[in-house]
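Trainee: Take a look at this one; I'll ask things after.
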Amino acid sequence: MNSTEQELEIIAQTRNEVLGRKDHTGVNLFLVWGYPTAFFLLVEFAALLLWNENWCSWLWVGIPLVGAPLMIHIKRKDFERTGRRTINESLAVELWLFIGFACFLSGLGTGFAGLFEQCYCTIQGVLVGFGCFLTGSISRFRPVKVCGLIGSVLSFSCLFFQGDLWPWQLFMTAIFTVVALIIPGHLFRYYAKHSQP
Amino acid sequence: MDFKFPVINPLLHNELRLKIMVALDNLESADFVYLCQITDSTKGNLSVQITTLKDAGYIEVIKTGLGRLSHTVCRITRQGHEALTTYEEGLRSLFNQQIPTQKEAENNKQIG
């Protein structure tokens, strides 16, 4: 068909076209996990302040129950819209599924071991911040990385709310969720919208 | 001077098939409409080339949905990735190596 040079040019052009299209890995992942997390943590906080019953401290289970199916649904819709799935996108989805699963398991573990009030919020904060930082690295969007790092570091402050004050850990974690997931999610969305090729 | 011509895969020695393979090699998966856009080809032609690549085991085709709402998703296989890498390496070695002229080749033979 073509000369060697032309064929190499076709390869380079196609590669550039595929990779050159804006890759907004994880644009929706932050919001899909951010809003259910903040919502359920605030509901749990309010329920504990109002009733202070044992069942109230299990309301966090709603986070993975809502977040995981919502994430899978949104990624499927994204694929139908764009017609492609990049390797980075798959990586980010798997990373967030893993973080969701790890948060769920750590919640169950600490809940049954009676350690939920001591350290669950810190574990969750660190995991979410870590996920945020890694997704920021994958998508090369620095504000997301910074927010993830800040959220992760701030979540250690939950360790200071022990004893009767422990429900405030949930309130603090909801705030860190806003810092680590919701704000970067909206920033990323804004950036993605205004940088379309 | 010793020059050995690399074996060029005839299946990939076609512009459209090469474009499909390169696009899929850089993505996890892509659907038919996206491939149509990226390769700038007609649906009929693309469909034929996709079938050829599928039959060779270079890509896998997953069809979901029914009738007019069917969705075709393509993904490169390990065999396809290896074939494309070998093909590209072959092209590069052809491009980089200096092919001897007839005179040089005769001279080399006499020296040998």
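By convention here, the chains of the structure tokens are called A, B, ... in the order presented, each chain's residues are numbered starting at 1, and ligands are numbered starting at 1 in the order presented.
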Hey, could you make a per-residue contact list for chain B against chain A with 9 Å as the cut-off, showing the nearest pair of atoms and its distance in Å to one decimal, counting only C-alpha atoms, sorted by chain and number, as JSON lines?

Mentor:
{"residue": "B:His13", "atom": "CA", "partner": "A:Met1", "partner_atom": "CA", "distance": 6.9}
{"residue": "B:Asn14", "atom": "CA", "partner": "A:Met1", "partner_atom": "CA", "distance": 6.5}
{"residue": "B:Glu15", "atom": "CA", "partner": "A:Met1", "partner_atom": "CA", "distance": 7.5}
{"residue": "B:Leu18", "atom": "CA", "partner": "A:Ile11", "partner_atom": "CA", "distance": 7.3}
{"residue": "B:Lys19", "atom": "CA", "partner": "A:Thr14", "partner_atom": "CA", "distance": 6.2}
{"residue": "B:Ile20", "atom": "CA", "partner": "A:Thr14", "partner_atom": "CA", "distance": 8.7}
{"residue": "B:Val22", "atom": "CA", "partner": "A:Arg15", "partner_atom": "CA", "distance": 6.3}
{"residue": "B:Ala23", "atom": "CA", "partner": "A:Val18", "partner_atom": "CA", "distance": 6.2}
{"residue": "B:Leu24", "atom": "CA", "partner": "A:Val18", "partner_atom": "CA", "distance": 9.0}
{"residue": "B:Asp25", "atom": "CA", "partner": "A:Arg15", "partner_atom": "CA", "distance": 8.8}
{"residue": "B:Asn26", "atom": "CA", "partner": "A:Arg15", "partner_atom": "CA", "distance": 7.0}
{"residue": "B:Leu27", "atom": "CA", "partner": "A:Thr86", "partner_atom": "CA", "distance": 4.7}
{"residue": "B:Glu28", "atom": "CA", "partner": "A:Ile87", "partner_atom": "CA", "distance": 4.9}
{"residue": "B:Ser29", "atom": "CA", "partner": "A:Arg85", "partner_atom": "CA", "distance": 5.3}
{"residue": "B:Ala30", "atom": "CA", "partner": "A:Arg84", "partner_atom": "CA", "distance": 4.0}
{"residue": "B:Asp31", "atom": "CA", "partner": "A:Gly83", "partner_atom": "CA", "distance": 5.0}
{"residue": "B:Phe32", "atom": "CA", "partner": "A:Gly83", "partner_atom": "CA", "distance": 7.7}
{"residue": "B:Val33", "atom": "CA", "partner": "A:Gly83", "partner_atom": "CA", "distance": 6.7}
{"residue": "B:Tyr34", "atom": "CA", "partner": "A:Gly83", "partner_atom": "CA", "distance": 5.2}
{"residue": "B:Leu35", "atom": "CA", "partner": "A:Gly83", "partner_atom": "CA", "distance": 8.4}
{"residue": "B:Ile38", "atom": "CA", "partner": "A:Glu17", "partner_atom": "CA", "distance": 7.5}
{"residue": "B:Thr39", "atom": "CA", "partner": "A:Thr14", "partner_atom": "CA", "distance": 7.9}
{"residue": "B:His71", "atom": "CA", "partner": "A:Glu80", "partner_atom": "CA", "distance": 8.7}
{"residue": "B:Val73", "atom": "CA", "partner": "A:Gly83", "partner_atom": "CA", "distance": 8.4}
{"residue": "B:Glu88", "atom": "CA", "partner": "A:Leu8", "partner_atom": "CA", "distance": 7.5}
{"residue": "B:Leu91", "atom": "CA", "partner": "A:Thr4", "partner_atom": "CA", "distance": 6.0}
{"residue": "B:Arg92", "atom": "CA", "partner": "A:Leu8", "partner_atom": "CA", "distance": 7.7}
{"residue": "B:Leu94", "atom": "CA", "partner": "A:Thr4", "partner_atom": "CA", "distance": 7.2}
{"residue": "B:Phe95", "atom": "CA", "partner": "A:Thr4", "partner_atom": "CA", "distance": 6.4}

Trainee: Using DSSP secondary structure from the backbone, list all alpha helix (DSSP H) positions within region 9-108 of chain B, as number ranges by chain.

Mentor: B: 15-25, 32-39, 43-55, 78-96, 102-108

Trainee: In Å, how far is it from CA of Ala38 (chain A) to CA of Leu181 (chain A)?

Mentor: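 For CA of Ala38 (chain A) relative to CA of Leu181 (chain A), the distance reads 9.4 Å.
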
Trainee: Between A:Cys132, A:Val61, A:Ile182, A:Leu29, which has the minimum distance to Leu108 (chain A) (counting only C-alpha atoms)?

Mentor: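 Closest to Leu108 (chain A) of all the choices is A:Val61.
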
Trainee: Using only C-alpha atoms, which protein or nucleic acid residues come within 9 Å of Leu16 (chain B)? Drop anything in the same chain fewer than 3 positions from it, and give the result as a ChimeraX atom specification.

Mentor: /B:12,19-21,39-41,45-46,49

Trainee: Record the distance separating CA of Pro36 (chain A) and CA of Pro64 (chain A), expressed in Å with one decimal.

Mentor: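 Taking CA of Pro36 (chain A) and CA of Pro64 (chain A), their separation equals 8.4 Å.
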
Trainee: Between CA of Cys56 (chain A) and CA of Glu44 (chain A), what is the distance in Å, rounded to a tenth?

Mentor: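 These atoms are spaced 5.9 Å apart.
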
Trainee: So, counting only C-alpha atoms, which residue among A:Asn54, A:Thr173, A:Thr135, A:Gln162 is closest to Ile123 (chain A)?

Mentor: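 Between A:Asn54, A:Thr173, A:Thr135, A:Gln162, the residue approaching Ile123 (chain A) most closely is A:Thr173.
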
Trainee: Nearest residue to Lys145 (chain A) out of A:Gly114, A:Gly125, A:Gly20, A:Gly131, using only C-alpha atoms?

Mentor: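 The closest residue to Lys145 (chain A) is A:Gly131.
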
Trainee: Counting only C-alpha atoms, what is within 12 Å of Val128 (chain A), bar same-chain residues fewer than 2 positions away, as a PyMOL selection string?

Mentor: chain A and resi 29-30+33-34+37+95-104+121-126+130-135+144-145+147-155+173-174+176-182

Trainee: Filtering to C-alpha atoms, could you give me those residues as a short mmCIF file (atom, residue, chain, number, x, y, z; two decimals), in the first residue's frame?

Mentor:
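Written output follows (selection.cif):
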data_model
loop_
_atom_site.label_atom_id
_atom_site.label_comp_id
_atom_site.auth_asym_id
_atom_site.auth_seq_id
_atom_site.Cartn_x
_atom_site.Cartn_y
_atom_site.Cartn_z
CA LEU A 29 -16.10 9.07 40.22
CA PHE A 30 -15.49 11.77 42.80
CA TRP A 33 -18.66 8.58 45.87
CA GLY A 34 -18.55 12.05 47.43
CA THR A 37 -20.51 9.45 51.60
CA LEU A 95 -9.15 1.59 42.06
CA TRP A 96 -12.40 3.12 43.36
CA LEU A 97 -14.15 -0.24 43.47
CA PHE A 98 -11.24 -1.53 45.54
CA ILE A 99 -11.35 1.51 47.87
CA GLY A 100 -15.12 1.12 48.28
CA PHE A 101 -14.67 -2.56 49.09
CA ALA A 102 -11.81 -1.81 51.52
CA CYS A 103 -13.91 0.86 53.30
CA PHE A 104 -16.83 -1.58 53.52
CA CYS A 121 -13.42 7.44 60.28
CA THR A 122 -9.64 7.83 60.13
CA ILE A 123 -9.23 4.63 58.10
CA GLN A 124 -11.95 5.72 55.69
CA GLY A 125 -10.52 9.23 55.38
CA VAL A 126 -7.03 7.94 54.61
CA PHE A 130 -5.31 8.03 48.90
CA GLY A 131 -7.74 7.13 46.12
CA CYS A 132 -8.23 10.79 45.31
CA PHE A 133 -4.47 11.37 45.16
CA LEU A 134 -3.91 8.36 42.88
CA THR A 135 -6.76 9.32 40.55
CA VAL A 144 -7.30 16.69 42.78
CA LYS A 145 -3.99 15.39 44.10
CA CYS A 147 -7.27 17.92 47.80
CA GLY A 148 -6.74 14.17 48.27
CA LEU A 149 -3.60 14.78 50.25
CA ILE A 150 -5.24 17.45 52.45
CA GLY A 151 -8.29 15.25 53.09
CA SER A 152 -6.07 12.32 53.97
CA VAL A 153 -3.96 14.31 56.45
CA LEU A 154 -6.98 16.05 58.02
CA SER A 155 -8.75 12.73 58.65
CA THR A 173 -15.30 13.02 57.99
CA ALA A 174 -18.25 14.45 56.07
CA PHE A 176 -13.19 15.99 54.73
CA THR A 177 -15.27 14.21 52.11
CA VAL A 178 -16.32 17.60 50.78
CA VAL A 179 -12.63 18.63 50.68
CA ALA A 180 -11.28 15.37 49.22
CA LEU A 181 -14.10 14.35 46.86
CA ILE A 182 -16.83 16.90 46.22
#

Trainee: Skip Gln79 (chain B) itself and residues of its chain fewer than 6 positions away, then list as an NGL selection string all residues within 10 Å of it, counting only C-alpha atoms.

Mentor: :B and (56-59 or 85)
